file protein.cif (mmCIF, N, CA and C atoms)
data_query
loop_
_atom_site.label_atom_id
_atom_site.label_comp_id
_atom_site.auth_asym_id
_atom_site.auth_seq_id
_atom_site.Cartn_x
_atom_site.Cartn_y
_atom_site.Cartn_z
N MET L 1 -38.48 8.29 -48.83
CA MET L 1 -37.36 8.81 -49.60
C MET L 1 -36.78 10.01 -48.86
N VAL L 2 -35.46 10.02 -48.71
CA VAL L 2 -34.76 11.09 -48.01
C VAL L 2 -33.73 11.69 -48.96
N GLU L 3 -33.74 13.02 -49.07
CA GLU L 3 -32.70 13.71 -49.83
C GLU L 3 -31.52 13.92 -48.89
N VAL L 4 -30.35 13.45 -49.29
CA VAL L 4 -29.14 13.61 -48.49
C VAL L 4 -28.20 14.52 -49.25
N ARG L 5 -27.81 15.62 -48.61
CA ARG L 5 -26.87 16.56 -49.23
C ARG L 5 -25.54 16.46 -48.49
N TYR L 6 -24.47 16.41 -49.28
CA TYR L 6 -23.12 16.26 -48.74
C TYR L 6 -22.33 17.55 -48.97
N PHE L 7 -21.45 17.87 -48.03
CA PHE L 7 -20.66 19.09 -48.13
C PHE L 7 -19.18 18.79 -47.89
N ALA L 8 -18.32 19.59 -48.52
CA ALA L 8 -16.88 19.59 -48.30
C ALA L 8 -16.30 18.17 -48.45
N ALA L 9 -15.53 17.73 -47.47
CA ALA L 9 -14.78 16.47 -47.57
C ALA L 9 -15.69 15.25 -47.75
N ILE L 10 -16.87 15.27 -47.14
CA ILE L 10 -17.76 14.10 -47.29
C ILE L 10 -18.30 14.03 -48.73
N ALA L 11 -18.54 15.19 -49.36
CA ALA L 11 -18.96 15.21 -50.76
C ALA L 11 -17.85 14.63 -51.65
N ASP L 12 -16.61 15.00 -51.35
CA ASP L 12 -15.48 14.45 -52.10
C ASP L 12 -15.39 12.93 -51.90
N ALA L 13 -15.60 12.48 -50.68
CA ALA L 13 -15.47 11.05 -50.36
C ALA L 13 -16.52 10.20 -51.07
N VAL L 14 -17.75 10.71 -51.19
CA VAL L 14 -18.81 9.93 -51.85
C VAL L 14 -18.92 10.25 -53.34
N GLY L 15 -18.25 11.32 -53.77
CA GLY L 15 -18.22 11.64 -55.19
C GLY L 15 -19.46 12.34 -55.72
N LYS L 16 -20.23 12.96 -54.84
CA LYS L 16 -21.43 13.67 -55.27
C LYS L 16 -21.85 14.66 -54.20
N SER L 17 -22.68 15.60 -54.58
CA SER L 17 -23.14 16.60 -53.61
C SER L 17 -24.49 16.26 -53.01
N SER L 18 -25.22 15.35 -53.63
CA SER L 18 -26.52 14.94 -53.07
C SER L 18 -27.00 13.66 -53.72
N GLU L 19 -27.96 13.05 -53.08
CA GLU L 19 -28.64 11.87 -53.63
C GLU L 19 -29.91 11.63 -52.84
N HIS L 20 -30.78 10.81 -53.39
CA HIS L 20 -32.00 10.41 -52.70
C HIS L 20 -31.84 8.95 -52.29
N LEU L 21 -32.14 8.67 -51.02
CA LEU L 21 -32.05 7.30 -50.51
C LEU L 21 -33.43 6.83 -50.10
N ASP L 22 -33.71 5.59 -50.41
CA ASP L 22 -34.99 4.98 -50.05
C ASP L 22 -34.86 4.39 -48.65
N LEU L 23 -35.16 5.21 -47.65
CA LEU L 23 -35.10 4.79 -46.25
C LEU L 23 -36.52 4.80 -45.68
N PRO L 24 -36.79 3.96 -44.70
CA PRO L 24 -38.13 3.93 -44.11
C PRO L 24 -38.47 5.26 -43.43
N GLU L 25 -39.74 5.54 -43.29
CA GLU L 25 -40.21 6.78 -42.68
C GLU L 25 -39.69 6.96 -41.25
N SER L 26 -39.43 5.87 -40.57
CA SER L 26 -38.97 5.92 -39.18
C SER L 26 -37.44 5.92 -39.07
N ALA L 27 -36.73 6.10 -40.18
CA ALA L 27 -35.27 6.01 -40.19
C ALA L 27 -34.64 7.09 -39.31
N THR L 28 -33.48 6.76 -38.76
CA THR L 28 -32.72 7.64 -37.88
C THR L 28 -31.36 7.98 -38.50
N VAL L 29 -30.64 8.87 -37.84
CA VAL L 29 -29.27 9.19 -38.27
C VAL L 29 -28.43 7.92 -38.28
N GLY L 30 -28.60 7.06 -37.29
CA GLY L 30 -27.88 5.79 -37.26
C GLY L 30 -28.19 4.92 -38.47
N ASP L 31 -29.46 4.89 -38.87
CA ASP L 31 -29.84 4.14 -40.07
C ASP L 31 -29.19 4.73 -41.32
N LEU L 32 -29.15 6.06 -41.38
CA LEU L 32 -28.50 6.72 -42.51
C LEU L 32 -27.02 6.37 -42.55
N ARG L 33 -26.35 6.43 -41.43
CA ARG L 33 -24.93 6.06 -41.39
C ARG L 33 -24.72 4.63 -41.85
N SER L 34 -25.58 3.72 -41.43
CA SER L 34 -25.47 2.32 -41.85
C SER L 34 -25.67 2.19 -43.36
N ALA L 35 -26.64 2.91 -43.91
CA ALA L 35 -26.89 2.86 -45.35
C ALA L 35 -25.70 3.42 -46.13
N LEU L 36 -25.10 4.48 -45.62
CA LEU L 36 -23.95 5.07 -46.30
C LEU L 36 -22.73 4.15 -46.21
N ARG L 37 -22.54 3.49 -45.07
CA ARG L 37 -21.45 2.50 -44.93
C ARG L 37 -21.64 1.39 -45.94
N SER L 38 -22.88 0.91 -46.08
CA SER L 38 -23.17 -0.17 -47.02
C SER L 38 -22.91 0.27 -48.46
N ALA L 39 -23.29 1.50 -48.77
CA ALA L 39 -23.16 1.99 -50.15
C ALA L 39 -21.73 2.35 -50.52
N TYR L 40 -20.96 2.90 -49.57
CA TYR L 40 -19.65 3.46 -49.89
C TYR L 40 -18.49 2.75 -49.21
N GLY L 41 -18.77 1.78 -48.37
CA GLY L 41 -17.71 1.01 -47.74
C GLY L 41 -17.36 1.49 -46.33
N ALA L 42 -16.80 0.58 -45.57
CA ALA L 42 -16.47 0.83 -44.17
C ALA L 42 -15.40 1.91 -44.01
N ASP L 43 -14.61 2.18 -45.06
CA ASP L 43 -13.59 3.23 -44.96
C ASP L 43 -14.20 4.61 -44.72
N LEU L 44 -15.48 4.77 -45.07
CA LEU L 44 -16.16 6.05 -44.87
C LEU L 44 -16.59 6.24 -43.41
N ASP L 45 -16.65 5.17 -42.65
CA ASP L 45 -17.18 5.25 -41.28
C ASP L 45 -16.46 6.24 -40.37
N PRO L 46 -15.13 6.31 -40.36
CA PRO L 46 -14.49 7.29 -39.48
C PRO L 46 -14.94 8.73 -39.77
N MET L 47 -15.14 9.04 -41.04
CA MET L 47 -15.60 10.38 -41.39
C MET L 47 -17.06 10.57 -40.95
N LEU L 48 -17.89 9.57 -41.15
CA LEU L 48 -19.30 9.67 -40.76
C LEU L 48 -19.45 9.88 -39.26
N LYS L 49 -18.54 9.31 -38.48
CA LYS L 49 -18.62 9.44 -37.02
C LYS L 49 -18.34 10.85 -36.54
N VAL L 50 -17.56 11.64 -37.30
CA VAL L 50 -17.25 13.01 -36.88
C VAL L 50 -18.14 14.05 -37.56
N CYS L 51 -18.94 13.62 -38.50
CA CYS L 51 -19.86 14.54 -39.18
C CYS L 51 -21.00 14.94 -38.26
N ALA L 52 -21.53 16.12 -38.52
CA ALA L 52 -22.78 16.55 -37.91
C ALA L 52 -23.86 16.39 -38.97
N TYR L 53 -25.08 16.22 -38.51
CA TYR L 53 -26.21 15.98 -39.41
C TYR L 53 -27.26 17.05 -39.14
N LEU L 54 -27.58 17.83 -40.17
CA LEU L 54 -28.62 18.84 -40.05
C LEU L 54 -29.92 18.20 -40.49
N VAL L 55 -30.77 17.95 -39.50
CA VAL L 55 -32.05 17.27 -39.71
C VAL L 55 -33.13 18.30 -39.40
N GLY L 56 -33.83 18.75 -40.44
CA GLY L 56 -34.75 19.87 -40.23
C GLY L 56 -33.93 21.08 -39.82
N GLU L 57 -34.20 21.63 -38.67
CA GLU L 57 -33.42 22.76 -38.16
C GLU L 57 -32.50 22.37 -37.01
N GLU L 58 -32.37 21.06 -36.76
CA GLU L 58 -31.57 20.56 -35.64
C GLU L 58 -30.24 20.00 -36.13
N LEU L 59 -29.16 20.52 -35.59
CA LEU L 59 -27.83 19.99 -35.87
C LEU L 59 -27.52 18.94 -34.81
N THR L 60 -27.23 17.72 -35.24
CA THR L 60 -27.09 16.62 -34.29
C THR L 60 -25.98 15.66 -34.70
N ARG L 61 -25.54 14.89 -33.73
CA ARG L 61 -24.66 13.73 -33.96
C ARG L 61 -25.28 12.49 -33.31
N ASP L 62 -26.48 12.63 -32.81
CA ASP L 62 -27.19 11.58 -32.09
C ASP L 62 -27.80 10.57 -33.09
N ASP L 63 -27.34 9.33 -33.01
CA ASP L 63 -27.83 8.28 -33.92
C ASP L 63 -29.33 8.03 -33.81
N SER L 64 -29.95 8.42 -32.70
CA SER L 64 -31.38 8.13 -32.53
C SER L 64 -32.29 9.23 -33.10
N THR L 65 -31.70 10.31 -33.63
CA THR L 65 -32.51 11.38 -34.20
C THR L 65 -33.21 10.88 -35.46
N ARG L 66 -34.52 11.08 -35.51
CA ARG L 66 -35.29 10.65 -36.68
C ARG L 66 -35.08 11.61 -37.83
N LEU L 67 -34.98 11.04 -39.02
CA LEU L 67 -34.73 11.84 -40.21
C LEU L 67 -35.99 12.55 -40.68
N THR L 68 -35.77 13.62 -41.43
CA THR L 68 -36.84 14.31 -42.13
C THR L 68 -36.63 14.08 -43.63
N ALA L 69 -37.34 14.82 -44.46
CA ALA L 69 -37.25 14.63 -45.90
C ALA L 69 -35.87 15.01 -46.45
N ARG L 70 -35.14 15.87 -45.72
CA ARG L 70 -33.81 16.27 -46.19
C ARG L 70 -32.84 16.29 -45.01
N VAL L 71 -31.64 15.77 -45.25
CA VAL L 71 -30.58 15.74 -44.24
C VAL L 71 -29.30 16.24 -44.89
N ASP L 72 -28.62 17.16 -44.22
CA ASP L 72 -27.33 17.63 -44.67
C ASP L 72 -26.25 16.95 -43.84
N VAL L 73 -25.24 16.40 -44.51
CA VAL L 73 -24.13 15.74 -43.83
C VAL L 73 -22.94 16.70 -43.88
N LEU L 74 -22.53 17.15 -42.69
CA LEU L 74 -21.53 18.21 -42.58
C LEU L 74 -20.28 17.72 -41.84
N PRO L 75 -19.16 17.64 -42.54
CA PRO L 75 -17.92 17.27 -41.85
C PRO L 75 -17.44 18.45 -41.00
N PRO L 76 -16.50 18.21 -40.09
CA PRO L 76 -15.94 19.32 -39.32
C PRO L 76 -15.28 20.31 -40.29
N PHE L 77 -15.48 21.57 -40.03
CA PHE L 77 -14.88 22.60 -40.87
C PHE L 77 -13.73 23.25 -40.12
N ALA L 78 -12.67 23.59 -40.82
CA ALA L 78 -11.53 24.28 -40.21
C ALA L 78 -11.61 25.76 -40.57
N GLY L 79 -10.92 26.55 -39.83
CA GLY L 79 -10.85 27.98 -40.13
C GLY L 79 -11.77 28.78 -39.23
N GLY L 80 -11.89 30.06 -39.53
CA GLY L 80 -12.67 30.88 -38.65
C GLY L 80 -13.44 31.90 -39.30
#
call {"tool": "encode", "arguments": {"input": "protein.cif", "output": "structure tokens"}}
result
Amino acid sequence: MVEVRYFAAIADAVGKSSEHLDLPESATVGDLRSALRSAYGADLDPMLKVCAYLVGEELTRDDSTRLTARVDVLPPFAGG
């Protein structure tokens, strides 16, 4: 089980700020993206491709990064 937290535009797109997904222990960022595409539709994919994923203390966009118990999905932020 992985807790997924959504922020800003991605939270608006999925309609929630967090959820728990039943993913295998060996799941990766790529697996998470596939699960989110399946759950919310292919229209979400362009946004998922530009998001960063905070996995543990590592900010990544690498699909091969293995997930931890909690992942934050962060869209690009504007401003300074």
call {"tool": "residues_around", "arguments": {"input": "protein.cif", "residues": "Asp43 in chain L", "least_positions_apart": "6", "cutoff": "12 Å", "atoms": "only C-alpha atoms", "output": "compact mmCIF listing (two decimals) with N, CA and C atoms, in the frame of the given file"}}
result
# COMPACT_ATOMS: atom_id res chain seq x y z
N ILE L 10 -16.87 15.27 -47.14
CA ILE L 10 -17.76 14.10 -47.29
C ILE L 10 -18.30 14.03 -48.73
N ALA L 13 -15.60 12.48 -50.68
CA ALA L 13 -15.47 11.05 -50.36
C ALA L 13 -16.52 10.20 -51.07
N VAL L 14 -17.75 10.71 -51.19
CA VAL L 14 -18.81 9.93 -51.85
C VAL L 14 -18.92 10.25 -53.34
N LEU L 36 -25.10 4.48 -45.62
CA LEU L 36 -23.95 5.07 -46.30
C LEU L 36 -22.73 4.15 -46.21
N ARG L 37 -22.54 3.49 -45.07
CA ARG L 37 -21.45 2.50 -44.93
C ARG L 37 -21.64 1.39 -45.94
N LYS L 49 -18.54 9.31 -38.48
CA LYS L 49 -18.62 9.44 -37.02
C LYS L 49 -18.34 10.85 -36.54
call {"tool": "atom_distance", "arguments": {"input": "protein.cif", "atom1": "atom N of Gly15 in chain L", "atom2": "CA of Tyr40 in chain L"}}
result
8.9 Å
call {"tool": "closest_residue", "arguments": {"input": "protein.cif", "among": "L:His20, L:Pro46, L:Gly56, L:Ala9", "to": "Thr68 in chain L", "atoms": "only N, CA and C atoms"}}
result
L:Gly56
call {"tool": "select_by_dssp", "arguments": {"input": "protein.cif", "residues": "chain L", "states": "strand (DSSP E or B)", "output": "PyMOL selection string"}}
result
chain L and resi 2-6+18-21+28+52-55+58-60+66+70-74
call {"tool": "residues_around", "arguments": {"input": "protein.cif", "residues": "range 3-7 of chain L", "least_positions_apart": "5", "cutoff": "7 Å", "atoms": "all atoms listed in the file", "output": "number ranges by chain"}}
result
L: 12, 16-21, 68-75
call {"tool": "resolve_selection", "arguments": {"input": "protein.cif", "expression": "the PyMOL selection byres (((chain L and resi 67 and name CA) around 6) and name CA)", "output": "ChimeraX atom specification"}}
result
/L:27-28,66,68
call {"tool": "atom_distance", "arguments": {"input": "protein.cif", "atom1": "atom C of Ala42 in chain L", "atom2": "CA of Ser26 in chain L"}}
result
24.4 Å
call {"tool": "closest_residue", "arguments": {"input": "protein.cif", "among": "L:Phe77, L:Gly30, L:Pro24, L:Ala52", "to": "Ala8 in chain L", "atoms": "only C-alpha atoms"}}
result
L:Phe77
call {"tool": "atom_distance", "arguments": {"input": "protein.cif", "atom1": "CA of Leu54 in chain L", "atom2": "atom C of Pro76 in chain L"}}
result
13.4 Å
